[in-house]
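Printed here is input_39.txt (compact mmCIF, C-alpha atoms and all ligand atoms):
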```txt
# COMPACT_ATOMS: atom_id res chain seq x y z
CA MET P 293 -3.37 -1.50 -13.43
CA ILE P 294 -5.43 -4.07 -11.59
CA HIS P 295 -7.46 -4.77 -14.74
CA SER P 296 -4.25 -5.54 -16.66
CA LEU P 297 -3.21 -7.95 -13.88
CA LYS P 298 -6.55 -9.72 -13.84
CA PRO P 299 -7.35 -12.68 -16.06
CA ASP P 300 -7.94 -11.92 -19.73
CA PRO P 301 -11.71 -11.43 -20.18
CA VAL P 302 -11.74 -14.02 -22.99
CA THR P 303 -9.20 -16.70 -22.00
CA PHE P 304 -9.58 -16.05 -18.27
CA ARG P 305 -5.86 -16.50 -17.77
CA GLN P 306 -3.41 -13.96 -16.42
CA GLU P 307 -1.44 -12.92 -19.51
CA PRO P 308 2.02 -11.28 -19.34
CA ASN P 309 1.22 -9.54 -22.64
CA ARG P 310 -1.64 -7.60 -21.04
CA ILE P 311 0.37 -6.78 -17.94
CA PHE P 312 3.45 -5.53 -19.76
CA ASP P 313 1.43 -3.70 -22.40
CA PHE P 314 0.06 -1.57 -19.57
CA MET P 315 3.36 -1.32 -17.65
CA SER P 316 5.34 -0.34 -20.76
CA LEU P 317 2.99 2.62 -21.21
CA THR P 318 3.25 3.69 -17.55
CA PRO P 319 6.94 4.18 -16.74
CA GLU P 320 6.03 5.12 -13.16
CA SER P 321 5.51 1.36 -12.65
CA MET P 322 9.26 0.58 -13.12
CA HIS P 323 10.17 0.80 -9.45
CA MET P 324 7.30 -1.48 -8.42
CA LEU P 325 8.24 -4.00 -11.16
CA THR P 326 11.91 -3.99 -10.16
CA TRP P 327 10.88 -4.69 -6.58
CA LEU P 328 8.13 -7.20 -7.34
CA PHE P 329 10.07 -9.41 -9.77
CA SER P 330 13.10 -9.55 -7.46
CA PRO P 331 13.15 -12.00 -4.54
CA ARG P 332 11.82 -9.12 -2.39
CA GLY P 333 8.53 -9.80 -4.16
CA ILE P 334 8.53 -13.34 -2.71
CA PRO P 335 8.96 -13.08 1.07
CA LYS P 336 10.02 -16.27 2.83
CA SER P 337 7.03 -15.85 5.14
CA TYR P 338 4.73 -13.12 6.42
CA ARG P 339 7.04 -12.89 9.43
CA HIS P 340 10.02 -12.01 7.27
CA MET P 341 8.66 -9.02 5.42
CA ASP P 342 8.24 -5.31 6.08
CA GLY P 343 5.08 -3.36 5.43
CA PHE P 344 4.59 0.23 4.42
CA GLY P 345 1.58 2.42 3.86
CA VAL P 346 2.29 3.64 0.29
CA ASN P 347 -0.07 6.58 0.85
CA THR P 348 0.95 9.75 2.64
CA TYR P 349 -0.95 10.93 5.70
CA LYS P 350 -0.60 13.97 7.95
CA LEU P 351 0.18 14.06 11.65
CA ILE P 352 -1.38 16.98 13.52
CA ASN P 353 -0.24 17.94 17.01
CA ALA P 354 -2.18 19.61 19.84
CA ARG P 355 -0.97 23.07 18.74
CA GLY P 356 -2.60 22.57 15.35
CA GLU P 357 0.68 22.06 13.48
CA GLY P 358 0.79 19.47 10.73
CA VAL P 359 3.44 17.46 8.87
CA LEU P 360 3.32 14.87 6.09
CA CYS P 361 3.93 11.31 7.23
CA LYS P 362 4.53 7.83 5.84
CA PHE P 363 4.03 4.76 8.04
CA HIS P 364 6.31 1.71 8.02
CA TRP P 365 6.29 -1.67 9.74
CA LYS P 366 9.79 -3.06 10.18
CA THR P 367 10.00 -6.79 10.77
CA GLN P 368 11.96 -7.79 13.88
CA GLN P 369 12.45 -11.28 12.40
CA GLY P 370 14.75 -10.00 9.63
CA ILE P 371 13.93 -9.81 5.93
CA GLU P 372 14.20 -13.11 4.12
CA SER P 373 13.18 -13.85 0.56
CA LEU P 374 12.86 -16.79 -1.80
CA THR P 375 13.88 -17.22 -5.40
CA GLN P 376 11.18 -18.19 -7.87
CA ALA P 377 12.59 -21.74 -8.00
CA GLN P 378 12.40 -22.12 -4.22
CA ALA P 379 8.86 -20.73 -4.12
CA SER P 380 7.72 -23.04 -6.92
CA GLU P 381 9.13 -26.02 -5.05
CA ILE P 382 7.29 -25.09 -1.82
CA GLN P 383 4.02 -24.36 -3.62
CA ALA P 384 4.13 -27.69 -5.41
CA HIS P 385 3.60 -29.35 -2.02
CA ASP P 386 1.94 -26.74 0.16
CA LEU P 387 -0.36 -24.01 -1.10
CA GLY P 388 -0.91 -22.43 2.31
CA SER P 389 2.69 -22.28 3.49
CA HIS P 390 2.60 -18.64 4.67
CA SER P 391 -0.57 -19.07 6.75
CA LYS P 392 0.87 -22.27 8.25
CA ASP P 393 4.13 -20.56 9.19
CA LEU P 394 2.41 -17.63 10.89
CA PHE P 395 -0.17 -19.76 12.69
CA GLU P 396 2.42 -22.23 13.99
CA ALA P 397 4.86 -19.52 15.13
CA ILE P 398 2.14 -17.86 17.22
CA GLU P 399 0.93 -21.22 18.59
CA ARG P 400 4.41 -22.08 19.86
CA GLY P 401 4.77 -18.65 21.49
CA ASP P 402 7.32 -17.33 19.01
CA TYR P 403 5.39 -14.09 18.62
CA PRO P 404 6.37 -12.07 15.55
CA ARG P 405 6.94 -8.35 16.03
CA TRP P 406 7.05 -5.31 13.80
CA GLU P 407 8.30 -1.90 14.83
CA LEU P 408 6.09 0.97 13.72
CA CYS P 409 8.15 3.82 12.26
CA VAL P 410 7.24 7.14 10.68
CA GLN P 411 8.95 9.28 8.09
CA ILE P 412 8.19 12.97 8.44
CA MET P 413 8.28 15.80 5.91
CA GLY P 414 7.09 19.41 6.13
CA ASP P 415 3.66 19.94 4.59
CA ASP P 416 4.60 22.08 1.59
CA GLU P 417 5.51 21.75 -2.09
CA HIS P 418 9.18 20.79 -1.67
CA PRO P 419 10.52 22.17 -4.95
CA GLU P 420 13.97 20.86 -3.96
CA LEU P 421 12.83 17.25 -4.48
CA GLU P 422 12.97 15.62 -7.91
CA TRP P 423 9.72 13.81 -7.24
CA ASP P 424 6.37 14.78 -5.83
CA PRO P 425 6.09 13.80 -2.14
CA LEU P 426 2.51 12.62 -2.76
CA ASP P 427 3.44 10.42 -5.73
CA ASN P 428 2.58 6.86 -4.66
CA THR P 429 5.08 5.40 -7.12
CA LYS P 430 8.02 6.98 -5.29
CA ILE P 431 9.52 6.18 -1.91
CA TRP P 432 10.95 8.76 0.47
CA PRO P 433 14.66 7.82 0.69
CA GLU P 434 15.45 6.77 4.23
CA ASP P 435 18.79 8.60 4.34
CA GLU P 436 17.00 11.92 3.73
CA PHE P 437 13.83 11.11 5.69
CA PRO P 438 14.91 8.80 8.51
CA LEU P 439 12.63 6.18 10.01
CA ARG P 440 11.61 7.25 13.49
CA PRO P 441 10.37 4.43 15.73
CA VAL P 442 7.07 5.10 17.49
CA GLY P 443 5.85 1.72 18.68
CA MET P 444 5.88 -2.07 18.46
CA MET P 445 3.20 -4.50 17.29
CA THR P 446 3.31 -8.07 18.60
CA LEU P 447 1.03 -10.75 17.15
CA ASN P 448 0.42 -12.72 20.34
CA ARG P 449 -2.66 -14.80 19.60
CA ASN P 450 -4.27 -16.60 16.73
CA VAL P 451 -7.89 -16.05 15.80
CA GLN P 452 -10.38 -18.37 17.48
CA ASN P 453 -12.68 -18.31 14.48
CA PHE P 454 -11.30 -17.37 11.12
CA PHE P 455 -14.59 -16.09 9.72
CA ALA P 456 -15.53 -13.93 12.71
CA GLU P 457 -12.13 -12.41 13.28
CA ASN P 458 -10.56 -12.39 9.85
CA GLU P 459 -13.08 -12.66 7.03
CA GLN P 460 -15.22 -10.00 8.67
CA ALA P 461 -12.33 -7.70 9.54
CA ALA P 462 -12.64 -4.44 7.64
CA PHE P 463 -9.47 -2.40 7.32
CA GLY P 464 -9.63 0.86 5.47
CA THR P 465 -7.61 3.97 4.82
CA GLY P 466 -10.34 6.23 6.21
CA VAL P 467 -10.52 4.86 9.76
CA LEU P 468 -8.35 7.28 11.70
CA VAL P 469 -7.70 8.30 15.28
CA ASP P 470 -7.23 11.90 16.42
CA GLY P 471 -3.89 13.31 15.39
CA ILE P 472 -3.82 11.54 12.02
CA ASP P 473 -5.34 13.27 9.00
CA PHE P 474 -5.50 12.79 5.23
CA SER P 475 -3.02 14.36 2.87
CA ASP P 476 -4.00 15.43 -0.66
CA ASP P 477 -2.58 12.17 -2.03
CA LYS P 478 -5.09 11.45 -4.80
CA MET P 479 -5.06 7.70 -4.42
CA LEU P 480 -5.61 7.99 -0.69
CA VAL P 481 -8.76 10.01 -1.35
CA GLY P 482 -10.03 7.34 -3.77
CA ARG P 483 -9.27 4.50 -1.38
CA THR P 484 -10.87 6.27 1.55
CA PHE P 485 -14.27 6.40 -0.14
CA SER P 486 -13.92 2.98 -1.69
CA TYR P 487 -13.05 0.73 1.28
CA SER P 488 -15.85 1.66 3.68
CA ASP P 489 -18.34 1.72 0.80
CA THR P 490 -17.35 -1.85 -0.11
CA GLN P 491 -17.34 -2.95 3.51
CA ARG P 492 -20.92 -1.76 4.07
CA TYR P 493 -21.83 -4.06 1.22
CA ARG P 494 -19.42 -6.95 1.88
CA VAL P 495 -19.91 -7.19 5.66
CA GLY P 496 -22.98 -5.05 6.33
CA PRO P 497 -23.96 -1.46 7.15
CA ASN P 498 -23.02 -1.89 10.81
CA TYR P 499 -19.69 -3.58 10.18
CA LEU P 500 -18.03 -1.20 12.65
CA GLN P 501 -20.12 -2.72 15.47
CA LEU P 502 -18.62 -6.20 15.08
CA PRO P 503 -16.10 -7.01 17.84
CA VAL P 504 -13.23 -7.33 15.36
CA ASN P 505 -13.90 -3.86 13.95
CA GLN P 506 -15.32 -1.84 16.82
CA PRO P 507 -13.19 0.98 18.23
CA VAL P 508 -11.75 0.59 21.71
CA VAL P 509 -13.35 3.89 22.72
CA ARG P 510 -16.97 4.21 21.61
CA PRO P 511 -17.50 7.15 19.29
CA ALA P 512 -20.51 9.40 19.90
CA THR P 513 -22.62 9.84 16.78
CA ASN P 514 -26.20 10.22 15.66
CA GLN P 515 -25.79 7.50 13.05
CA ARG P 516 -28.17 4.65 13.69
CA ASP P 517 -30.27 1.80 12.32
CA GLY P 518 -29.65 -0.43 9.33
CA GLN P 519 -29.30 -4.20 9.35
CA MET P 520 -27.62 -5.85 12.33
CA THR P 521 -27.62 -2.76 14.51
CA TYR P 522 -26.54 -3.82 17.97
CA TYR P 523 -26.23 -0.51 19.77
CA VAL P 524 -26.55 3.21 19.19
CA ASP P 525 -23.49 5.35 19.83
CA THR P 526 -25.17 7.99 21.99
CA VAL P 527 -22.99 7.11 25.01
CA GLY P 528 -24.95 8.40 27.99
CA GLN P 529 -26.92 11.03 26.06
CA ASN P 530 -30.67 11.15 25.55
CA PRO P 531 -31.28 8.28 23.10
CA HIS P 532 -34.57 9.81 21.91
CA THR P 533 -32.79 12.70 20.27
CA ASN P 534 -31.18 11.83 16.99
CA TYR P 535 -30.92 15.34 15.56
CA GLU P 536 -28.58 18.22 16.16
CA PRO P 537 -28.79 21.00 17.27
CA ASN P 538 -31.16 20.01 20.08
CA SER P 539 -32.05 21.18 23.59
CA THR P 540 -33.26 17.85 24.97
CA GLY P 541 -30.01 16.32 26.15
CA GLY P 542 -29.04 14.65 22.87
CA LEU P 543 -25.62 14.68 21.31
CA ARG P 544 -24.28 18.15 20.54
CA GLU P 545 -21.56 19.00 18.12
CA ALA P 546 -18.39 19.24 20.18
CA ASP P 547 -15.87 22.03 19.86
CA PRO P 548 -12.65 20.84 18.26
CA PRO P 549 -10.28 19.57 20.98
CA GLY P 550 -7.67 22.19 20.13
CA PRO P 551 -6.49 24.50 17.35
CA MET P 552 -7.30 23.09 13.91
CA TYR P 553 -4.64 22.58 11.25
CA GLU P 554 -5.72 24.86 8.40
CA PRO P 555 -3.02 25.07 5.73
CA GLU P 556 -3.38 27.86 3.19
CA ILE P 557 -3.59 26.68 -0.41
CA HIS P 558 -3.25 28.73 -3.59
CA GLY P 559 -3.31 27.38 -7.10
CA ARG P 560 -5.33 26.15 -10.00
CA LEU P 561 -7.32 22.96 -9.71
CA THR P 562 -6.52 20.95 -12.83
CA ARG P 563 -6.93 17.50 -14.24
CA ALA P 564 -3.33 16.66 -14.95
CA THR P 565 -0.67 14.08 -14.24
CA ILE P 566 2.10 14.69 -11.73
CA GLU P 567 4.76 17.03 -13.17
CA ARG P 568 7.88 15.77 -11.42
CA THR P 569 7.98 12.16 -12.53
CA ASN P 570 11.62 11.01 -12.46
CA ASP P 571 10.49 7.42 -12.95
CA TYR P 572 13.90 5.82 -13.55
CA ARG P 573 16.15 6.95 -10.70
CA GLN P 574 14.65 4.95 -7.83
CA PRO P 575 14.39 1.63 -9.76
CA GLY P 576 17.97 2.16 -11.00
CA GLU P 577 19.18 2.72 -7.45
CA ARG P 578 17.30 -0.32 -6.21
CA TYR P 579 18.82 -2.45 -8.98
CA ARG P 580 22.34 -1.30 -8.12
CA THR P 581 21.98 -1.94 -4.40
CA MET P 582 20.69 -5.53 -4.81
CA PRO P 583 23.07 -8.39 -4.07
CA ASP P 584 24.09 -10.34 -7.20
CA TRP P 585 21.80 -13.30 -6.53
CA GLU P 586 18.77 -10.99 -6.27
CA ARG P 587 19.69 -9.23 -9.52
CA GLU P 588 20.05 -12.58 -11.24
CA ASP P 589 16.65 -13.76 -10.08
CA LEU P 590 15.08 -10.42 -11.06
CA VAL P 591 16.44 -10.72 -14.60
CA LEU P 592 15.39 -14.36 -14.80
CA ASN P 593 11.83 -13.64 -13.65
CA LEU P 594 11.40 -10.65 -15.97
CA THR P 595 12.89 -12.53 -18.91
CA ASP P 596 10.51 -15.39 -18.31
CA ALA P 597 7.45 -13.10 -18.31
CA LEU P 598 8.61 -10.82 -21.12
CA SER P 599 9.44 -13.70 -23.44
CA GLN P 600 5.67 -14.33 -23.57
CA CYS P 601 5.01 -10.78 -24.86
CA GLU P 602 4.74 -9.24 -28.31
CA ARG P 603 7.83 -7.65 -29.84
CA HIS P 604 6.76 -3.99 -29.58
CA ILE P 605 6.00 -4.46 -25.87
CA GLN P 606 9.35 -6.18 -25.28
CA GLU P 607 11.15 -3.31 -26.98
CA ARG P 608 9.40 -0.68 -24.87
CA MET P 609 10.22 -2.57 -21.69
CA VAL P 610 13.90 -2.93 -22.64
CA GLU P 611 14.04 0.79 -23.28
CA HIS P 612 12.57 1.54 -19.84
CA PHE P 613 14.93 -0.82 -18.01
CA THR P 614 17.88 0.64 -19.90
CA ARG P 615 16.89 4.08 -18.68
CA CYS P 616 16.76 2.70 -15.12
CA ASP P 617 20.23 1.19 -15.45
CA PRO P 618 22.12 0.30 -18.67
CA ASP P 619 23.23 -3.06 -17.26
CA PHE P 620 19.65 -3.90 -16.24
CA GLY P 621 18.36 -3.14 -19.76
CA ARG P 622 21.20 -5.01 -21.46
CA ARG P 623 20.63 -8.18 -19.44
CA ILE P 624 16.88 -8.19 -20.11
CA ALA P 625 17.51 -7.49 -23.81
CA GLU P 626 19.96 -10.39 -24.03
CA GLY P 627 17.59 -12.66 -22.15
CA ILE P 628 14.72 -12.13 -24.58
CA GLY P 629 16.80 -11.53 -27.72
CA VAL P 630 15.94 -7.88 -28.33
CA SER P 631 18.54 -5.25 -29.22
CA VAL P 632 18.73 -2.16 -27.01
CA PRO P 633 17.20 0.72 -28.97
CA PRO P 634 20.03 3.09 -29.96
CA ALA P 635 18.02 6.17 -29.03
CA SER P 636 17.75 5.20 -25.39
CA GLU P 637 19.70 7.41 -23.05
CA PRO P 638 20.32 6.15 -19.53
CA ALA P 639 18.60 8.15 -16.83
CA VAL P 640 20.65 10.59 -14.79
CA VAL P 641 22.61 8.45 -12.34
C1 LIG A 1 -1.56 1.79 -2.56
C2 LIG A 1 -2.42 1.14 -3.30
C3 LIG A 1 -3.29 0.06 -2.73
C4 LIG A 1 -2.95 -0.94 -1.88
C5 LIG A 1 -1.58 -1.25 -1.28
C6 LIG A 1 -4.15 -1.70 -1.63
C7 LIG A 1 -4.20 -2.83 -0.84
C8 LIG A 1 -5.34 -3.55 -0.58
C9 LIG A 1 -5.41 -4.74 0.22
C10 LIG A 1 -4.22 -5.40 0.90
C11 LIG A 1 -6.68 -5.14 0.26
C12 LIG A 1 -7.23 -6.35 1.02
C13 LIG A 1 -7.30 -7.52 0.15
C14 LIG A 1 -7.84 -8.74 0.89
O1 LIG A 1 -8.49 -8.60 1.93
O2 LIG A 1 -7.60 -9.85 0.39
C15 LIG A 1 -7.45 -4.23 -0.51
C16 LIG A 1 -8.81 -4.28 -0.69
C17 LIG A 1 -9.54 -3.32 -1.35
N1 LIG A 1 -9.04 -2.26 -2.09
FE1 LIG A 1 -7.14 -1.69 -2.19
N2 LIG A 1 -5.19 -1.14 -2.33
C18 LIG A 1 -4.70 -0.04 -3.00
C19 LIG A 1 -5.40 0.80 -3.81
C20 LIG A 1 -6.77 0.81 -3.93
C21 LIG A 1 -7.53 1.79 -4.67
C22 LIG A 1 -6.93 2.96 -5.46
C23 LIG A 1 -8.84 1.47 -4.52
C24 LIG A 1 -10.07 2.16 -5.05
C25 LIG A 1 -10.13 3.44 -5.28
C26 LIG A 1 -8.90 0.28 -3.69
C27 LIG A 1 -10.06 -0.36 -3.29
C28 LIG A 1 -10.11 -1.52 -2.53
C29 LIG A 1 -11.34 -2.13 -2.05
C30 LIG A 1 -12.74 -1.63 -2.31
C31 LIG A 1 -10.98 -3.26 -1.32
C32 LIG A 1 -11.91 -4.22 -0.62
C33 LIG A 1 -12.12 -3.72 0.79
C34 LIG A 1 -12.92 -4.68 1.68
O3 LIG A 1 -13.90 -5.26 1.22
O4 LIG A 1 -12.57 -4.83 2.87
N3 LIG A 1 -7.64 -0.09 -3.36
N4 LIG A 1 -6.60 -3.24 -1.02
```

For this file, write the structure as structure tokens.
Amino acid sequence: MIHSLKPDPVTFRQEPNRIFDFMSLTPESMHMLTWLFSPRGIPKSYRHMDGFGVNTYKLINARGEGVLCKFHWKTQQGIESLTQAQASEIQAHDLGSHSKDLFEAIERGDYPRWELCVQIMGDDEHPELEWDPLDNTKIWPEDEFPLRPVGMMTLNRNVQNFFAENEQAAFGTGVLVDGIDFSDDKMLVGRTFSYSDTQRYRVGPNYLQLPVNQPVVRPATNQRDGQMTYYVDTVGQNPHTNYEPNSTGGLREADPPGPMYEPEIHGRLTRATIERTNDYRQPGERYRTMPDWEREDLVLNLTDALSQCERHIQERMVEHFTRCDPDFGRRIAEGIGVSVPPASEPAVV
């Protein structure tokens, strides 16, 4: 997907034809497109948008019981979005408007806040659901899986040096605290290897020792050396001993703090796509719950991009949007002058 969004390798321009060629062959992208091309895809500022983790994690309690979990950040400033026309107008004068807004709000003491919420689901197959709980292209509906508040984040100071505290920050899906574990979400597994691997290259092998990245509580490990080492994480143990097992007062493998979560798994390991796709219901529902002005901007933005695409790609996209919602498909078709293919059946509504 990212390759299709990147500049064309020959013209070095982002080309709608490449993007929608890919999207039209991956119907699981419909929900993301419906979201992205609507004003929700253009937040008024960083302060006026939610965040969510996309990937599914597990939460494990002290009794060794585990559940699936999705994390959400809910803005306390309210969601506000811009139309494409408003965004173009702002960008014509100010390319860094979002950074400016956030920096100035914090400087004047108007600290933005986000509530951290979790959605919880039992860690099993869930045959009753029409989609796979680990499918990153689906959301967990909030009426079935309510958001449970667990904390509040307040941004209460700006960085003192952008490079030290921002450029060198290394966030990654694999940096976890006790009680949080990985699910079998395939993309999460890929990301978890990829981020820290990149960060060892981008920042340096000891990137976790930089103040912006170091944990509040020092871990105890035998990992050491490499460029820019500042300390060794032996925390009060014999620093001469960097092997385990040992009998010379070095680090020793600790017993797990409590019962481990060890789910039983049966099945065949295959190389296959997700079975329960249901790619059209969630985008259709999103389309129908948008206020009119958002729907209008969505259609306008998609029409603008799709009118730069080849006919066969346009036709495939119209068919997909029609399956999401017949009105959605009809309006895009009218906008780009394509007839709705007669074979297309709307998705189950
Ligand atoms: C849910 C899907 C994903 C989301 C929301 C996501 C989001 C992000 C974001 C926000 C950044 C930081 C960009 C920046 O600092 O300007 C990033 C960086 C990165 N992403 Fe992803 N990503 C996703 C999937 C993936 C996948 C599947 C891979 C590879 C398997 C990947 C590999 C990376 C790497 C290597 C970086 C650079 C990390 C660093 O140098 O700090 N991402 N991603």

Expected selection as a count of residues only for ligand LIG 1 (chain A) within 10 Å, only C-alpha atoms and all ligand atoms: 36

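Pairwise distance (atom CA of Val442 of chain P, atom CA of Leu408 of chain P) equals 5.7 Å.
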
Distance query Gly358 of chain P at most 9 Å, only C-alpha atoms, self and fewer than 3 positions along chain excluded, as a list in words: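 My reading of the contact set: Lys350, Leu351, Ile352, Asn353, Arg355, Gly414, Asp415, Asp473, Tyr553, Glu554 and Pro555 of chain P.
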
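Between atom CA of Pro404 of chain P and atom CA of Leu468 of chain P lies a distance of 24.6 Å.
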
Best match for closeness to Ile628 of chain P among P:Cys616, P:Val527, P:Leu502, P:Val591, counting all atoms listed in the file: P:Val591

Residue with smallest distance to Gln368 of chain P - pool P:Arg560, P:Arg339, P:Arg622, P:Arg510, counting all atoms listed in the file: P:Arg339

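Interatomic distance, atom CA of Glu407 of chain P against atom CA of Arg332 of chain P: 19.0 Å.
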
Closest of P:Lys336, P:His612, P:Arg440, P:Arg544 to Gln383 of chain P - atom-to-atom distances counting only C-alpha atoms: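 Residue with the minimum atom-to-atom distance to Gln383 of chain P: P:Lys336.
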
Contacts of Met324 of chain P within 12 Å, only C-alpha atoms, excl. fewer than 6 positions in-chain, as a ChimeraX atom specification: /P:293,315,318,330,332-333,346,428-431,571-572,574-576,578-579

Let me see the file: selected residues, C-alpha atoms, as a PDB file, keeping the file's coordinate frame.
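Written file, again06.pdb:
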```pdb
ATOM      1  CA  MET P 293      -3.370  -1.500 -13.430  1.00  0.00           C
ATOM      2  CA  MET P 315       3.360  -1.320 -17.650  1.00  0.00           C
ATOM      3  CA  THR P 318       3.250   3.690 -17.550  1.00  0.00           C
ATOM      4  CA  SER P 330      13.100  -9.550  -7.460  1.00  0.00           C
ATOM      5  CA  ARG P 332      11.820  -9.120  -2.390  1.00  0.00           C
ATOM      6  CA  GLY P 333       8.530  -9.800  -4.160  1.00  0.00           C
ATOM      7  CA  VAL P 346       2.290   3.640   0.290  1.00  0.00           C
ATOM      8  CA  ASN P 428       2.580   6.860  -4.660  1.00  0.00           C
ATOM      9  CA  THR P 429       5.080   5.400  -7.120  1.00  0.00           C
ATOM     10  CA  LYS P 430       8.020   6.980  -5.290  1.00  0.00           C
ATOM     11  CA  ILE P 431       9.520   6.180  -1.910  1.00  0.00           C
ATOM     12  CA  ASP P 571      10.490   7.420 -12.950  1.00  0.00           C
ATOM     13  CA  TYR P 572      13.900   5.820 -13.550  1.00  0.00           C
ATOM     14  CA  GLN P 574      14.650   4.950  -7.830  1.00  0.00           C
ATOM     15  CA  PRO P 575      14.390   1.630  -9.760  1.00  0.00           C
ATOM     16  CA  GLY P 576      17.970   2.160 -11.000  1.00  0.00           C
ATOM     17  CA  ARG P 578      17.300  -0.320  -6.210  1.00  0.00           C
ATOM     18  CA  TYR P 579      18.820  -2.450  -8.980  1.00  0.00           C
TER      19      TYR P 579
END
```

Best match for closeness to Ala597 of chain P among P:Ile624, P:Leu543, P:Val504, P:Val410, counting all atoms listed in the file: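 The answer is P:Ile624, which sits nearest to Ala597 of chain P.
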
Protein and nucleic acid residues near (17.2, -3.8, -24.6) (cut-off 8 Å, only C-alpha atoms) as a list in words: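 With a cut-off of 8 Å, the residues come to Glu607, Met609, Val610, Glu611, Phe613, Thr614, Gly621, Arg622, Arg623, Ile624, Ala625, Glu626, Val630, Ser631, Val632 and Pro633 of chain P.
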
Point (-4.4, -7.0, -21.8) neighbourhood (10 Å, only C-alpha atoms) written as a ChimeraX atom specification: /P:295-301,306-314

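Of the listed residues (P:Thr540, P:Gln411, P:Asn505, P:Ser380), P:Gln411 comes nearest to Phe363 of chain P; the distances count all atoms listed in the file.
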
Residue neighbourhood Ala354 of chain P, 9 Å, all atoms listed in the file, exclusion window fewer than 6 positions, as a PyMOL selection string: chain P and resi 471+549-552

Selected residue of minimal separation from Asp416 of chain P among P:Asp476, P:Asp517, P:Glu567, P:Asp525, counting all atoms listed in the file: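 Of P:Asp476, P:Asp517, P:Glu567, P:Asp525, the one nearest Asp416 of chain P, counting all atoms listed in the file, is P:Asp476.
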